[in-house]
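To be precise, the following lines are input.txt, and they hold compact mmCIF, C-alpha atoms.
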# COMPACT_ATOMS: atom_id res chain seq x y z
CA MET E 1 27.29 -48.11 35.16
CA PHE E 2 25.02 -47.71 38.14
CA ARG E 3 23.13 -45.07 36.23
CA THR E 4 22.71 -47.35 33.25
CA LEU E 5 21.40 -50.06 35.47
CA ARG E 6 18.97 -47.72 37.08
CA TRP E 7 17.64 -46.70 33.68
CA ALA E 8 17.57 -50.27 32.54
CA ARG E 9 15.58 -51.28 35.55
CA ARG E 10 13.01 -48.56 35.04
CA PRO E 11 9.67 -50.02 34.07
CA ALA E 12 8.56 -49.45 30.53
CA LEU E 13 6.21 -46.52 29.99
CA ARG E 14 2.64 -47.44 30.50
CA PRO E 15 0.52 -47.19 27.33
CA TRP E 16 -1.18 -43.93 28.28
CA ARG E 17 2.14 -42.38 29.24
CA LEU E 18 3.68 -43.53 25.99
CA THR E 19 0.78 -42.06 24.05
CA ARG E 20 1.12 -38.80 25.96
CA ALA E 21 4.87 -38.67 25.39
CA LEU E 22 4.47 -39.33 21.71
CA GLY E 23 1.75 -36.72 21.53
CA LEU E 24 3.93 -34.11 23.21
CA SER E 25 6.82 -34.98 20.91
CA PHE E 26 4.55 -34.60 17.91
CA ALA E 27 3.21 -31.28 19.19
CA ALA E 28 6.76 -30.05 19.80
CA ALA E 29 7.77 -31.07 16.29
CA VAL E 30 4.74 -29.33 14.81
CA SER E 31 5.48 -26.20 16.84
CA ALA E 32 9.08 -26.20 15.68
CA LEU E 33 7.96 -26.58 12.07
CA THR E 34 5.42 -23.81 12.52
CA LEU E 35 8.09 -21.47 13.79
CA LEU E 36 10.15 -22.08 10.68
CA PRO E 37 9.04 -20.04 7.69
CA ALA E 38 7.55 -22.00 4.85
CA PRO E 39 9.81 -22.56 1.84
CA VAL E 40 10.20 -19.16 0.23
CA PRO E 41 11.98 -17.72 -2.74
CA ARG E 42 15.51 -16.53 -2.12
CA ALA E 43 15.98 -13.10 -0.65
CA GLY E 44 14.58 -10.27 -2.70
CA VAL E 45 12.45 -12.41 -4.98
CA ILE E 46 8.74 -11.76 -5.25
CA LEU E 47 6.12 -14.39 -5.81
CA PRO E 48 5.88 -15.61 -9.41
CA GLY E 49 3.19 -13.98 -11.49
CA ARG E 50 3.00 -10.86 -9.36
CA VAL E 51 3.64 -7.41 -10.75
CA PRO E 52 4.66 -5.44 -7.71
CA PHE E 53 4.65 -1.78 -6.94
CA THR E 54 7.35 -0.04 -4.99
CA LEU E 55 7.07 2.18 -1.95
CA ARG E 56 10.03 4.48 -1.51
CA ALA E 57 10.61 6.95 1.29
CA SER E 58 13.57 8.81 2.65
CA GLU E 59 12.29 8.23 6.20
CA ILE E 60 9.41 6.48 7.91
CA ILE E 61 8.76 7.00 11.61
CA ALA E 62 6.12 4.46 12.59
CA GLN E 63 4.36 4.00 15.90
CA ASN E 64 3.46 0.59 17.32
CA ALA E 65 4.95 -1.18 14.34
CA VAL E 66 4.60 -4.93 14.01
CA ILE E 67 6.70 -6.70 11.41
CA SER E 68 5.78 -10.32 10.85
CA ILE E 69 8.15 -12.59 8.99
CA LEU E 70 5.67 -15.45 9.12
CA GLY E 71 2.71 -13.28 8.17
CA GLU E 72 4.75 -11.45 5.50
CA SER E 73 3.39 -8.13 6.69
CA MET E 74 4.20 -4.88 8.42
CA SER E 75 1.61 -2.84 10.26
CA PHE E 76 1.69 0.31 12.34
CA SER E 77 -0.86 2.43 14.14
CA SER E 78 0.39 5.65 12.54
CA ALA E 79 3.39 6.98 10.71
CA SER E 80 4.97 10.06 9.23
CA ILE E 81 6.56 9.42 5.88
CA GLN E 82 9.05 11.77 4.28
CA GLY E 83 9.86 11.76 0.58
CA MET E 84 7.23 9.20 -0.26
CA SER E 85 6.67 7.82 -3.72
CA ILE E 86 4.84 4.81 -5.07
CA THR E 87 5.81 3.52 -8.49
CA TYR E 88 4.31 0.82 -10.66
CA SER E 89 6.15 -0.25 -13.79
CA ALA E 90 4.39 -2.30 -16.43
CA GLY E 91 3.98 -2.20 -20.19
CA GLY E 92 7.13 -0.14 -20.61
CA HIS E 93 5.76 2.75 -18.58
CA THR E 94 5.98 3.78 -14.95
CA PHE E 95 3.02 5.12 -13.02
CA THR E 96 4.18 7.32 -10.16
CA ILE E 97 2.49 8.79 -7.15
CA ALA E 98 4.87 11.33 -5.70
CA VAL E 99 4.46 13.36 -2.55
CA ASN E 100 6.22 16.65 -1.95
CA GLY E 101 6.29 16.89 1.81
CA THR E 102 5.61 14.69 4.80
CA SER E 103 2.76 12.22 4.54
CA SER E 104 0.78 11.20 7.58
CA ALA E 105 -0.68 7.72 7.60
CA GLY E 106 -3.14 6.22 10.04
CA ALA E 107 -3.35 2.54 10.84
CA THR E 108 -1.65 0.81 7.93
CA VAL E 109 -0.93 -2.75 6.83
CA ILE E 110 1.61 -3.60 4.14
CA LYS E 111 1.67 -7.13 2.82
CA THR E 112 4.53 -8.39 0.69
CA SER E 113 6.24 -11.73 0.34
CA LEU E 114 9.59 -9.99 0.71
CA PHE E 115 9.10 -9.85 4.48
CA SER E 116 9.51 -13.63 4.54
CA THR E 117 13.14 -13.12 3.59
CA LEU E 118 13.67 -10.15 5.88
CA LYS E 119 16.40 -11.80 7.90
CA ASP E 120 18.47 -12.43 4.75
CA ASP E 121 18.00 -9.16 2.99
CA ILE E 122 16.82 -6.45 5.38
CA GLY E 123 19.34 -3.94 4.07
CA SER E 124 17.86 -3.96 0.59
CA LEU E 125 14.41 -3.04 1.90
CA PHE E 126 15.30 -0.31 4.36
CA HIS E 127 17.89 0.89 6.79
CA VAL E 128 16.86 0.50 10.42
CA GLN E 129 17.77 3.55 12.48
CA SER E 130 15.91 2.66 15.66
CA PRO E 131 15.78 0.25 17.41
CA SER E 132 18.69 -1.96 16.33
CA VAL E 133 18.51 -4.33 13.36
CA ALA E 134 18.86 -7.27 15.75
CA THR E 135 15.92 -6.06 17.83
CA VAL E 136 13.78 -5.54 14.75
CA LEU E 137 14.57 -9.03 13.44
CA ALA E 138 13.91 -10.63 16.82
CA ASP E 139 10.65 -8.75 17.21
CA ALA E 140 9.71 -9.65 13.64
CA LEU E 141 10.05 -13.34 14.47
CA LEU E 142 7.85 -12.92 17.53
CA GLN E 143 5.51 -10.34 15.93
CA LYS E 144 6.24 -8.12 18.90
CA PRO E 145 5.18 -4.48 18.61
CA ILE E 146 7.94 -1.91 18.30
CA PRO E 147 6.86 1.34 20.01
CA THR E 148 8.73 3.57 17.57
CA LEU E 149 10.34 2.23 14.43
CA VAL E 150 12.56 4.55 12.42
CA LEU E 151 13.50 3.48 8.91
CA THR E 152 15.46 5.38 6.27
CA ASN E 153 16.16 4.74 2.59
CA VAL E 154 13.02 2.66 2.31
CA ASN E 155 12.75 0.77 -0.98
CA LEU E 156 10.01 -1.73 -0.43
CA THR E 157 8.64 -3.91 -3.20
CA ILE E 158 5.00 -4.70 -2.47
CA ASP E 159 3.55 -7.68 -4.32
CA THR E 160 0.29 -7.98 -2.39
CA SER E 161 -1.31 -4.86 -0.94
CA MET E 162 -1.05 -1.74 1.15
CA THR E 163 -4.07 -0.57 3.09
CA SER E 164 -4.31 2.52 5.22
CA GLN E 165 -7.13 3.75 7.43
CA SER E 166 -6.30 7.22 6.18
CA ILE E 167 -3.41 8.96 4.52
CA GLN E 168 -2.69 12.63 4.04
CA MET E 169 -0.38 13.58 1.22
CA PRO E 170 0.72 17.15 0.61
CA GLY E 171 1.82 18.07 -2.88
CA MET E 172 0.68 14.85 -4.48
CA SER E 173 1.11 14.17 -8.18
CA LEU E 174 0.10 11.24 -10.36
CA THR E 175 1.93 10.75 -13.62
CA VAL E 176 2.77 8.08 -16.17
CA ASN E 177 6.11 8.24 -17.95
CA MET T 19 2.83 16.36 -23.19
CA SER T 20 0.40 13.46 -23.15
CA SER T 21 1.32 9.88 -22.46
CA GLN T 22 0.10 6.89 -24.44
CA ALA T 23 -0.19 4.98 -21.19
CA PRO T 24 -3.06 6.52 -19.30
CA PHE T 25 -4.46 5.83 -15.88
CA VAL T 26 -8.13 6.06 -15.08
CA LEU T 27 -9.85 8.01 -12.33
CA THR T 28 -13.39 6.91 -11.61
CA ALA T 29 -15.67 8.27 -8.96
CA ASP T 30 -19.27 8.06 -7.90
CA ARG T 31 -19.38 11.80 -7.33
CA ILE T 32 -17.11 14.80 -7.48
CA VAL T 33 -17.91 18.23 -6.11
CA ALA T 34 -15.28 20.76 -7.08
CA GLU T 35 -14.95 24.41 -6.12
CA HIS T 36 -14.06 27.15 -8.56
CA ALA T 37 -13.48 24.87 -11.51
CA ARG T 38 -12.06 26.25 -14.72
CA MET T 39 -10.76 24.75 -17.89
CA ASN T 40 -8.10 25.52 -20.46
CA VAL T 41 -9.25 23.98 -23.71
CA LEU T 42 -5.96 24.56 -25.53
CA ALA T 43 -3.90 22.92 -22.80
CA ASN T 44 -6.49 20.22 -22.06
CA THR T 45 -6.42 21.04 -18.37
CA LEU T 46 -9.12 21.17 -15.74
CA ALA T 47 -8.29 22.97 -12.52
CA PHE T 48 -10.13 23.65 -9.30
CA ARG T 49 -9.41 25.06 -5.86
CA GLY T 50 -10.55 22.01 -4.00
CA ALA T 51 -12.84 19.02 -4.29
CA VAL T 52 -14.53 16.22 -2.47
CA ILE T 53 -14.54 12.87 -4.24
CA GLU T 54 -16.79 10.00 -3.25
CA GLY T 55 -16.17 6.42 -4.36
CA MET T 56 -12.76 7.22 -5.79
CA ARG T 57 -10.85 4.57 -7.70
CA ILE T 58 -7.64 5.04 -9.65
CA SER T 59 -6.37 2.25 -11.85
CA ARG T 60 -3.50 1.67 -14.20
CA SER T 61 -3.60 -1.43 -16.41
CA ALA T 62 -0.82 -2.97 -18.44
CA GLU T 63 0.24 -6.46 -19.45
CA GLY T 64 -2.97 -7.98 -18.16
CA VAL T 65 -2.60 -6.71 -14.63
CA THR T 66 -4.03 -3.66 -12.92
CA LEU T 67 -2.78 -1.50 -10.10
CA ARG T 68 -5.80 -0.29 -8.14
CA ILE T 69 -6.04 2.51 -5.62
CA ARG T 70 -9.37 2.68 -3.87
CA SER T 71 -10.88 4.73 -1.11
CA ASP T 72 -13.93 3.75 0.87
CA GLY T 73 -14.56 7.27 2.16
CA ARG T 74 -14.73 10.88 1.06
CA VAL T 75 -11.45 11.97 -0.48
CA THR T 76 -10.57 15.61 0.04
CA ILE T 77 -8.14 17.31 -2.30
CA GLY T 78 -6.82 20.83 -2.49
CA GLU T 79 -5.77 22.99 -5.44
CA THR T 80 -5.73 20.54 -8.32
CA LYS T 81 -4.85 20.44 -11.99
CA ILE T 82 -5.66 17.57 -14.33
CA GLN T 83 -4.34 17.28 -17.84
CA ALA T 84 -6.10 14.82 -20.10
CA THR T 85 -6.82 14.70 -23.82
CA VAL T 86 -10.34 13.50 -23.11
CA LEU T 87 -11.14 16.89 -21.60
CA ARG T 88 -11.60 18.11 -25.17
CA ASN T 89 -14.85 16.20 -25.03
CA LEU T 90 -15.83 17.42 -21.59
CA ALA T 91 -19.30 15.95 -21.54
CA SER T 92 -17.89 12.44 -21.96
CA ILE T 93 -16.15 12.31 -18.57
CA GLY T 94 -19.31 12.05 -16.51
CA SER T 95 -22.71 13.33 -15.74
CA PHE T 96 -22.80 17.07 -15.09
CA LYS T 97 -25.47 18.12 -12.65
CA SER T 98 -25.83 21.34 -14.60
CA LYS T 99 -25.39 21.19 -18.36
CA ARG T 100 -24.75 24.91 -18.23
CA ASP T 101 -21.50 24.19 -16.41
CA VAL T 102 -20.14 22.44 -19.52
CA LEU T 103 -20.75 25.52 -21.60
CA VAL T 104 -19.23 27.85 -19.00
CA LEU T 105 -16.09 25.70 -18.75
CA LEU T 106 -15.69 25.39 -22.52
CA ALA T 107 -16.03 29.17 -22.78
CA GLY T 108 -13.19 29.60 -20.30
CA GLY T 109 -15.33 30.65 -17.39
CA SER T 110 -15.20 29.57 -13.77
CA VAL T 111 -17.82 27.38 -12.14
CA PRO T 112 -18.13 28.10 -8.39
CA LYS T 113 -19.47 24.65 -7.60
CA LEU T 114 -19.07 21.92 -10.19
CA GLU T 115 -20.94 18.70 -9.51
CA LEU T 116 -20.24 15.54 -11.46
CA ALA T 117 -21.60 12.03 -11.04
CA ARG T 118 -20.46 8.66 -12.41
CA VAL T 119 -17.10 10.04 -13.47
CA GLU T 120 -14.66 8.11 -15.61
CA LEU T 121 -11.68 10.21 -16.56
CA VAL T 122 -8.89 8.72 -18.63
CA ILE T 123 -5.83 10.73 -17.65
CA ASP T 124 -3.06 10.59 -20.21
CA GLY T 125 -1.30 13.63 -18.80
CA TYR T 126 -1.09 14.17 -15.08
CA LEU T 127 -2.99 14.95 -11.90
CA THR T 128 -1.36 17.23 -9.35
CA THR T 129 -2.85 18.49 -6.13
CA SER T 130 -1.59 20.62 -3.30
CA TYR T 131 -3.04 18.23 -0.76
CA ALA T 132 -4.90 14.93 -0.65
CA GLU T 133 -6.55 13.20 2.27
CA ILE T 134 -7.59 9.67 1.39
CA PRO T 135 -9.54 7.68 3.97
CA GLY T 136 -9.70 3.91 3.74
CA MET T 137 -7.07 3.69 1.05
CA ARG T 138 -6.10 0.36 -0.45
CA LEU T 139 -3.46 -0.27 -3.11
CA ASP T 140 -3.23 -3.65 -4.70
CA VAL T 141 -2.39 -5.36 -7.97
CA VAL T 142 -4.91 -7.70 -9.54
Would you encode the structure as structure tokens?
Amino acid sequence: MFRTLRWARRPALRPWRLTRALGLSFAAAVSALTLLPAPVPRAGVILPGRVPFTLRASEIIAQNAVISILGESMSFSSASIQGMSITYSAGGHTFTIAVNGTSSAGATVIKTSLFSTLKDDIGSLFHVQSPSVATVLADALLQKPIPTLVLTNVNLTIDTSMTSQSIQMPGMSLTVN
Amino acid sequence: MSSQAPFVLTADRIVAEHARMNVLANTLAFRGAVIEGMRISRSAEGVTLRIRSDGRVTIGETKIQATVLRNLASIGSFKSKRDVLVLLAGGSVPKLELARVELVIDGYLTTSYAEIPGMRLDVV
């Protein structure tokens, strides 16, 4: 009761304080909205109209990896990629780049809308061996670099692009079947 | 066996070492090559997968099978016209230089090694 009275007796906020309070509330609301991903397709669905290609690998060991759920991207300063293949299916045929050996990639950026649904469907994209899945998801929300990221059974649908400063591929073949 | 769904290799310049050709098998092979301005594309259903490099691509022992190799002179500009004759005759060209290459590959391209600087894959 006493508390209520004390609050009731408090003078009303002065105009500039009210403005400031409203401004801070608005900024907080905007920040909260910004932290939430924009409306996205359900897990595992690419953007309409895109014809994606698929990066598969038995193992990727990436250095200084940054996964961004908001930016729908994954980047790393370098990586070794075992059992790599890239496939592109369209027109009833599949174009395949296959590598027989371990590829070495320099600074690389992969952009795909599937990263926006990472938290719902991470297992369908790759298996995280190190660090833990929880750490990867938390770091992906904060875009925090992961010193060494180890992924296995990578099956990543890429609907935007993959760029690499350099890539070395032993035993490479290009075929259409 | 050739595919009816080819992909296209274009390049500003290719310098290949110890190139030789098998006319019956429609294959062109070389020990190694440097490719400048390399672009590989595969189009279907109105969209195109593009692979581009903004540097000098280095490849090792390579074999390309393509029907278009029957008409060797059509794939690009040979620095030496004599090289066309040597290849068609089954000989080996120590240093084969080609410019403005556009090679429709309906078979395959295999290489022992590829180093691709500034690579970008995208679909447009």
>> Would you pick out the contacts of range 157-159 of chain E at 7 Å or less, using only C-alpha atoms, so that residues sharing its chain but fewer than 2 positions from it are not included, and give the list as JSON, numbers by chain?
In response: {"E": [46, 50, 51, 52, 53, 54, 55, 111, 112, 113, 155, 161]}
> Quick one: of T:Asp124, T:Glu79, T:Glu63, T:Glu54, who's nearest to Arg38 in chain T, counting only C-alpha atoms?
Replying inline: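 Once distances to Arg38 in chain T are computed over only C-alpha atoms, the minimum belongs to T:Glu79.
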Can you sort out the box for range 108-122 of chain E, edges along x, y and z, all listed atoms in, 5 Å on every side, with centre and edge lengths in Å to one decimal, as lines of an AutoDock Vina configuration file?
center_x = 8.4
center_y = -6.4
center_z = 4.1
size_x = 30.1
size_y = 24.4
size_z = 17.6
>> Quick one: residues within 7 Å of Glu120 in chain T, all atoms listed in the file, excluding same-chain residues fewer than 4 positions away - as a list of chain:residue names?
In response: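 Selected residues are T:Val26, T:Leu27, T:Thr28, T:Ala29, T:Ile93, T:Gly94.
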When the cut-off is 9 Å and we count all atoms listed in the file, which residues of chain E are near chain T, given as a compact mmCIF listing (two decimals) with C-alpha atoms, in the frame of the given file?
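Resulting contents of selection_3.txt:
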# COMPACT_ATOMS: atom_id res chain seq x y z
CA ARG E 50 3.00 -10.86 -9.36
CA VAL E 51 3.64 -7.41 -10.75
CA PRO E 52 4.66 -5.44 -7.71
CA PHE E 53 4.65 -1.78 -6.94
CA TYR E 88 4.31 0.82 -10.66
CA SER E 89 6.15 -0.25 -13.79
CA ALA E 90 4.39 -2.30 -16.43
CA GLY E 91 3.98 -2.20 -20.19
CA GLY E 92 7.13 -0.14 -20.61
CA HIS E 93 5.76 2.75 -18.58
CA THR E 94 5.98 3.78 -14.95
CA PHE E 95 3.02 5.12 -13.02
CA ASN E 100 6.22 16.65 -1.95
CA GLY E 106 -3.14 6.22 10.04
CA ILE E 158 5.00 -4.70 -2.47
CA ASP E 159 3.55 -7.68 -4.32
CA THR E 160 0.29 -7.98 -2.39
CA SER E 161 -1.31 -4.86 -0.94
CA MET E 162 -1.05 -1.74 1.15
CA THR E 163 -4.07 -0.57 3.09
CA SER E 164 -4.31 2.52 5.22
CA GLN E 165 -7.13 3.75 7.43
CA SER E 166 -6.30 7.22 6.18
CA ILE E 167 -3.41 8.96 4.52
CA GLN E 168 -2.69 12.63 4.04
CA MET E 169 -0.38 13.58 1.22
CA PRO E 170 0.72 17.15 0.61
CA GLY E 171 1.82 18.07 -2.88
CA MET E 172 0.68 14.85 -4.48
CA SER E 173 1.11 14.17 -8.18
CA LEU E 174 0.10 11.24 -10.36
CA THR E 175 1.93 10.75 -13.62
CA VAL E 176 2.77 8.08 -16.17
CA ASN E 177 6.11 8.24 -17.95
> Within 6 Å of Gln82 in chain E, counting all atoms listed in the file, which residues qualify if same-chain residues fewer than 2 places away don't, as a list in words?
Replying inline: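 Within the cut-off, the hits are Ala57, Ser58, Glu59, Met84 and Thr102 of chain E.
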> Can you tell me how far CA of Gly108 in chain T sits from CA of Val41 in chain T, in Å to one decimal?
Replying inline: 7.7 Å
> If you measure from CA of Leu105 in chain T to CA of Met39 in chain T, what distance in Å do you get, rounded to one decimal?
Replying inline: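 CA of Leu105 in chain T sits 5.5 Å away from CA of Met39 in chain T.
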>> Taking 5 positions as the minimum chain separation for residues in the same chain, which residues sit within 7 Å of Ser116 in chain E when counting all atoms listed in the file? Answer as an MDAnalysis selection string.
In response: chainID E and resid 69:70 72
> Hey, can you check how far CA of Val111 in chain T sits from CA of Arg31 in chain T?
Replying inline: 16.4 Å
> For Lys113 in chain T, which residue out of T:Val86, T:Ala51, T:Leu46, T:Ala91 is the nearest one, using all atoms listed in the file?
Replying inline: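 Nearest to Lys113 in chain T: T:Ala51.
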Just the residues within 8 Å of Ser75 in chain E, please, counting only C-alpha atoms, with nothing from its chain fewer than 2 positions along; format it as a PDB file with C-alpha atoms, in the frame of the given file.
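Written out: result-v2.pdb:
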ATOM      1  CA  ALA E  65       4.950  -1.180  14.340  1.00  0.00           C
ATOM      2  CA  VAL E  66       4.600  -4.930  14.010  1.00  0.00           C
ATOM      3  CA  ILE E  67       6.700  -6.700  11.410  1.00  0.00           C
ATOM      4  CA  SER E  73       3.390  -8.130   6.690  1.00  0.00           C
ATOM      5  CA  SER E  77      -0.860   2.430  14.140  1.00  0.00           C
ATOM      6  CA  ALA E 107      -3.350   2.540  10.840  1.00  0.00           C
ATOM      7  CA  THR E 108      -1.650   0.810   7.930  1.00  0.00           C
ATOM      8  CA  VAL E 109      -0.930  -2.750   6.830  1.00  0.00           C
ATOM      9  CA  ILE E 110       1.610  -3.600   4.140  1.00  0.00           C
TER      10      ILE E 110
END
